[in-house]
Structures are given as structure tokens and as C-alpha cells.
>>> print(open('upload06.txt').read())   # compact mmCIF, C-alpha atoms
# COMPACT_ATOMS: atom_id res chain seq x y z
CA MET A 1 0.00 0.00 0.00
CA THR A 2 1.30 3.43 -0.89
CA ASP A 3 -0.17 6.89 -0.34
CA ALA A 4 -3.55 5.30 0.43
CA ILE A 5 -3.47 3.27 -2.77
CA THR A 6 -3.74 -0.48 -2.40
CA ILE A 7 -1.63 -2.28 -4.97
CA GLU A 8 -2.64 -5.83 -5.82
CA ILE A 9 -0.08 -7.78 -7.86
CA ALA A 10 -0.92 -10.95 -9.76
CA GLN A 11 1.91 -13.03 -11.19
CA GLU A 12 0.67 -14.84 -14.30
CA SER A 13 4.05 -15.84 -15.66
CA GLY A 14 6.98 -17.63 -14.07
CA LEU A 15 9.34 -15.30 -15.95
CA TRP A 16 8.85 -12.75 -13.20
CA GLN A 17 11.43 -13.50 -10.49
CA ASP A 18 12.04 -11.90 -7.10
CA LEU A 19 8.50 -10.69 -6.57
CA ASP A 20 9.43 -8.84 -3.39
CA ALA A 21 11.85 -6.64 -5.34
CA ILE A 22 9.33 -6.16 -8.17
CA GLU A 23 6.62 -5.17 -5.67
CA ALA A 24 8.96 -2.70 -3.96
CA LEU A 25 9.96 -1.17 -7.29
CA ILE A 26 6.34 -0.79 -8.45
CA THR A 27 5.24 0.61 -5.09
CA ARG A 28 8.04 3.18 -5.14
CA ALA A 29 7.27 4.24 -8.74
CA VAL A 30 3.54 4.59 -7.97
CA ALA A 31 4.24 6.64 -4.83
CA ARG A 32 6.55 9.07 -6.65
CA ALA A 33 4.11 9.42 -9.56
CA ILE A 34 1.24 10.16 -7.19
CA ASP A 35 3.30 12.77 -5.32
CA VAL A 36 5.08 14.48 -8.21
CA ALA A 37 2.05 14.60 -10.54
CA ALA A 38 -0.39 15.32 -7.68
CA LEU A 39 -2.71 12.57 -8.90
CA ALA A 40 -5.96 12.86 -6.96
CA HIS A 41 -7.41 9.53 -5.86
CA ALA A 42 -9.77 8.08 -3.29
CA PRO A 43 -8.24 6.85 -0.04
CA GLY A 44 -7.63 3.14 -0.40
CA ALA A 45 -8.20 3.16 -4.17
CA GLU A 46 -7.06 -0.13 -5.65
CA LEU A 47 -4.53 -0.56 -8.42
CA SER A 48 -4.26 -3.96 -10.08
CA ILE A 49 -0.91 -5.01 -11.52
CA VAL A 50 -0.62 -8.11 -13.70
CA LEU A 51 2.82 -9.59 -14.42
CA THR A 52 2.51 -11.68 -17.55
CA ASP A 53 4.33 -12.71 -20.71
CA ASP A 54 4.29 -11.79 -24.40
CA ALA A 55 1.83 -14.49 -25.42
CA SER A 56 -0.78 -13.34 -22.92
CA ILE A 57 -0.37 -9.62 -23.54
CA ARG A 58 -0.51 -10.26 -27.30
CA GLU A 59 -3.97 -11.80 -26.89
CA ILE A 60 -5.14 -8.91 -24.72
CA ASN A 61 -3.67 -6.35 -27.13
CA ALA A 62 -5.41 -8.03 -30.08
CA GLU A 63 -8.77 -8.25 -28.30
CA TRP A 64 -8.88 -4.76 -26.80
CA ARG A 65 -6.75 -2.67 -29.15
CA GLY A 66 -6.93 -4.61 -32.41
CA LYS A 67 -3.12 -4.97 -32.45
CA ASP A 68 -2.04 -8.59 -32.86
CA LYS A 69 1.40 -8.21 -31.29
CA PRO A 70 2.91 -8.12 -27.83
CA THR A 71 3.56 -4.79 -26.16
CA ASN A 72 5.39 -3.74 -23.01
CA VAL A 73 2.47 -2.39 -20.97
CA LEU A 74 -1.29 -2.03 -21.23
CA SER A 75 -3.46 0.13 -18.99
CA PHE A 76 -7.18 -0.25 -18.45
CA PRO A 77 -8.70 2.61 -16.42
CA GLN A 78 -11.82 1.99 -14.38
CA ALA A 79 -12.90 5.64 -14.29
CA VAL A 80 -12.46 8.70 -16.46
CA GLY A 81 -12.39 12.44 -15.92
CA GLU A 82 -13.35 13.77 -12.52
CA ALA A 83 -14.62 10.32 -11.45
CA ILE A 84 -11.01 9.14 -11.13
CA ALA A 85 -10.56 11.12 -7.91
CA THR A 86 -13.31 9.17 -6.13
CA ALA A 87 -13.16 5.78 -7.87
CA PRO A 88 -12.55 2.79 -5.56
CA MET A 89 -10.65 1.03 -8.37
CA LEU A 90 -8.13 2.93 -10.49
CA GLY A 91 -7.69 0.16 -13.03
CA ASP A 92 -5.32 -2.48 -14.30
CA ILE A 93 -1.75 -2.24 -15.54
CA ILE A 94 -0.44 -5.31 -17.36
CA PHE A 95 3.28 -5.87 -18.01
CA ALA A 96 4.89 -8.33 -20.45
CA HIS A 97 8.23 -9.61 -19.21
CA GLU A 98 9.90 -10.54 -22.52
CA THR A 99 9.12 -7.24 -24.23
CA ILE A 100 10.29 -5.23 -21.25
CA ALA A 101 13.51 -7.26 -21.01
CA ARG A 102 14.17 -6.93 -24.76
CA GLU A 103 13.55 -3.17 -24.76
CA ALA A 104 15.75 -2.69 -21.69
CA GLU A 105 18.58 -4.55 -23.41
CA GLU A 106 18.11 -2.70 -26.72
CA THR A 107 18.24 0.68 -24.99
CA SER A 108 20.99 -0.26 -22.51
CA VAL A 109 18.71 0.45 -19.55
CA SER A 110 18.35 -1.80 -16.54
CA PHE A 111 15.23 -3.95 -16.36
CA ALA A 112 14.36 -2.25 -13.05
CA ASP A 113 14.60 1.26 -14.50
CA HIS A 114 12.56 0.30 -17.55
CA LEU A 115 9.89 -1.35 -15.40
CA SER A 116 9.80 1.76 -13.19
CA HIS A 117 9.31 3.92 -16.27
CA LEU A 118 6.54 1.69 -17.59
CA THR A 119 4.85 1.69 -14.18
CA VAL A 120 4.78 5.49 -14.23
CA HIS A 121 3.64 5.47 -17.86
CA GLY A 122 0.85 2.98 -17.19
CA LEU A 123 -0.29 4.83 -14.08
CA LEU A 124 -0.48 8.13 -15.93
CA HIS A 125 -2.73 6.45 -18.50
CA LEU A 126 -5.07 5.41 -15.68
CA PHE A 127 -5.28 9.07 -14.65
CA GLY A 128 -6.25 10.20 -18.15
CA HIS A 129 -2.90 11.10 -19.67
CA ASP A 130 -2.27 9.95 -23.22
CA HIS A 131 0.06 10.31 -26.20
CA LEU A 132 -2.31 10.06 -29.15
CA ASN A 133 -0.98 13.28 -30.67
CA ASP A 134 2.23 15.28 -30.36
CA ALA A 135 0.84 17.80 -27.87
CA GLU A 136 -0.44 15.07 -25.51
CA ALA A 137 2.79 13.12 -25.92
CA GLU A 138 4.90 16.15 -24.96
CA VAL A 139 2.88 16.74 -21.80
CA MET A 140 2.90 13.08 -20.78
CA GLU A 141 6.59 12.57 -21.54
CA ALA A 142 7.58 15.71 -19.60
CA LEU A 143 5.62 14.47 -16.60
CA GLU A 144 7.24 11.03 -16.86
CA VAL A 145 10.70 12.59 -17.07
CA ARG A 146 10.01 14.68 -13.92
CA ILE A 147 8.76 11.65 -11.99
CA LEU A 148 11.63 9.45 -13.15
CA ALA A 149 14.16 12.12 -12.16
CA GLU A 150 12.72 11.91 -8.63
CA LEU A 151 13.41 8.17 -8.80
CA GLY A 152 16.98 8.76 -9.98
CA ILE A 153 16.24 7.44 -13.47
CA ALA A 154 17.56 9.18 -16.58
CA ASN A 155 15.27 10.59 -19.27
CA PRO A 156 14.13 7.51 -21.22
CA TYR A 157 13.12 9.63 -24.22
CA ALA A 158 16.46 11.35 -24.75
CA ASP A 159 17.66 8.86 -27.37
CA ALA A 160 14.97 6.20 -27.34
CA PRO A 161 12.41 6.48 -30.14
CA LEU A 162 11.58 2.81 -29.46
CA LEU A 163 9.80 3.84 -26.27
CA ARG A 164 7.63 6.39 -28.07
CA GLU A 165 6.48 3.78 -30.58
CA ALA A 166 5.96 0.86 -28.20
CA SER A 167 2.93 1.92 -26.23
>>> encode(input="upload06.txt", output="C-alpha cells")
Amino acid sequence: MTDAITIEIAQESGLWQDLDAIEALITRAVARAIDVAALAHAPGAELSIVLTDDASIREINAEWRGKDKPTNVLSFPQAVGEAIATAPMLGDIIFAHETIAREAEETSVSFADHLSHLTVHGLLHLFGHDHLNDAEAEVMEALEVRILAELGIANPYADAPLLREAS
């Protein structure tokens, strides 16, 4: 639990190792995002995290987004607009281990830092942020960069067009 948010983590793939460390990393990233971005939420609001693999996220991505390919993270908000601030459930964030590991290696970033970034990215989606056009992307990326700096993580967008295209 962090800043009155209850984080429930479901491990759906054995690829995810050291769940205590993963939980601590996610909890820390969520807490910093909530604080830095001043994300209003109900006390005790629940956040669901699913740790899965490429095969599973590919199916979800195909069903819900019409994209028949794996992706690094998917977010499914449970409320929109002003309702977010009082919703008992914020939504679901789903992570795919293989894609995250591959992207981390390709960009020479640690798995932990990349997962932290994707946690922040996914959480911001739950709070209504998006990157469907350049203006939205600039706002969302700037917020991510501020939050990640608070976590001691370098700007992931500096030389990483892969991250812009992935989500």
C-alpha cells in the first residue's frame, strides 16, 4: 500500500522472479508518480498489476486494441475524468516480461529502471494522460521525465524512439 493506494499484484508468468523486489519497485514508482504529478485519488483506491508474458499480452492487445502483437504495458482505467478522484478502483496495468527485457537490453537500460518507467507510464494512463498526438505526448513525456528524475532514473526519451512507438 502506498499513499492510500492499495496495490494488488498478480503473477501470471513464471518469468517474473524476485516478486518482493518487483513489488517494492512498483510501489516506489507509484508513490513518486502520485506525489510528483499530484494525482488525486480516493483513499484506499485499488490498483491492479498483472505480471505476464508476451503471449498473454498479445492476446489482450489483439482483443482490446486490435493490435495482434505483444507490447510492453497495457493500462485499463476503471474511471475517467473527474470520477477518477473518487473511484474505488483505479484500473489495471499489465506488463509483459519478454518485451520489457528486450527493450531494456536494446536501450541499454536496466530492467528495473525500464519497469519503473513503464509503471509510471501505465499509471499516468489510468489518470487520463495519453500520447495520441504530439501535444499530448509532450505533456505526458515531460511528466514522466520529472517523476523518473525523482526516482533517480535518466530521461528515457532522450535517445529512445523505441519507447515512443511501443505503447
>>> closest_residue(input="upload06.txt", among="A:Glu46, A:Asp134, A:Glu150, A:Asp20", to="Glu8 (chain A)", atoms="all atoms listed in the file")
A:Glu46
>>> atom_distance(input="upload06.txt", atom1="CA of Phe111 (chain A)", atom2="CA of Arg32 (chain A)")
18.4 Å
>>> closest_residue(input="upload06.txt", among="A:His97, A:Lys69, A:His117, A:His125", to="Leu15 (chain A)", atoms="only C-alpha atoms")
A:His97
>>> closest_residue(input="upload06.txt", among="A:Leu143, A:Ile84, A:Ala158, A:Val30", to="His131 (chain A)", atoms="only C-alpha atoms")
A:Leu143
>>> residues_around(input="upload06.txt", residues="region 53-66 of chain A", least_positions_apart="3", cutoff="9 Å", atoms="all atoms listed in the file", output="PyMOL selection string")
chain A and resi 12-16+69-74+94-99
>>> residues_around(input="upload06.txt", residues="Met140 (chain A)", least_positions_apart="2", cutoff="12 Å", atoms="only C-alpha atoms", output="PyMOL selection string")
chain A and resi 33+37+120-125+127-138+142-147+157+164
>>> atom_distance(input="upload06.txt", atom1="CA of Ile5 (chain A)", atom2="CA of Ile26 (chain A)")
12.0 Å
>>> atom_distance(input="upload06.txt", atom1="CA of Asp68 (chain A)", atom2="CA of Ile100 (chain A)")
17.3 Å
>>> residues_around(input="upload06.txt", residues="Leu151 (chain A)", least_positions_apart="6", cutoff="9 Å", atoms="only C-alpha atoms", output="VMD selection string")
chain A and resid 28 to 29 32 116
>>> residues_around(input="upload06.txt", residues="Ala40 (chain A)", least_positions_apart="5", cutoff="10 Å", atoms="all atoms listed in the file", output="number ranges by chain")
A: 34-35, 82, 84-86, 127
>>> write_last_selection(input="upload06.txt", atoms="C-alpha atoms", output="tab-separated table (two decimals), in the frame of the given file")
chain	number	residue	atom	x	y	z
A	34	ILE	CA	1.24	10.16	-7.19
A	35	ASP	CA	3.30	12.77	-5.32
A	82	GLU	CA	-13.35	13.77	-12.52
A	84	ILE	CA	-11.01	9.14	-11.13
A	85	ALA	CA	-10.56	11.12	-7.91
A	86	THR	CA	-13.31	9.17	-6.13
A	127	PHE	CA	-5.28	9.07	-14.65
>>> residues_around(input="upload06.txt", residues="Ala83 (chain A)", least_positions_apart="6", cutoff="10 Å", atoms="only C-alpha atoms", output="ChimeraX atom specification")
/A:41-42,90,127
>>> closest_residue(input="upload06.txt", among="A:Ala149, A:Ile93, A:Leu51, A:Ala154", to="Ser110 (chain A)", atoms="all atoms listed in the file")
A:Ala154
>>> closest_residue(input="upload06.txt", among="A:Leu148, A:Ala104, A:Leu115, A:Ile153", to="Val36 (chain A)", atoms="all atoms listed in the file")
A:Leu148
>>> closest_residue(input="upload06.txt", among="A:Ser108, A:Thr52, A:Ser75, A:Thr119", to="Glu23 (chain A)", atoms="only C-alpha atoms")
A:Thr119
>>> axis_aligned_box(input="upload06.txt", around="region 134-138 of chain A", padding_each_side="8 Å", output="lines of an AutoDock Vina configuration file")
center_x = 2.2
center_y = 15.5
center_z = -27.7
size_x = 21.3
size_y = 20.7
size_z = 21.4
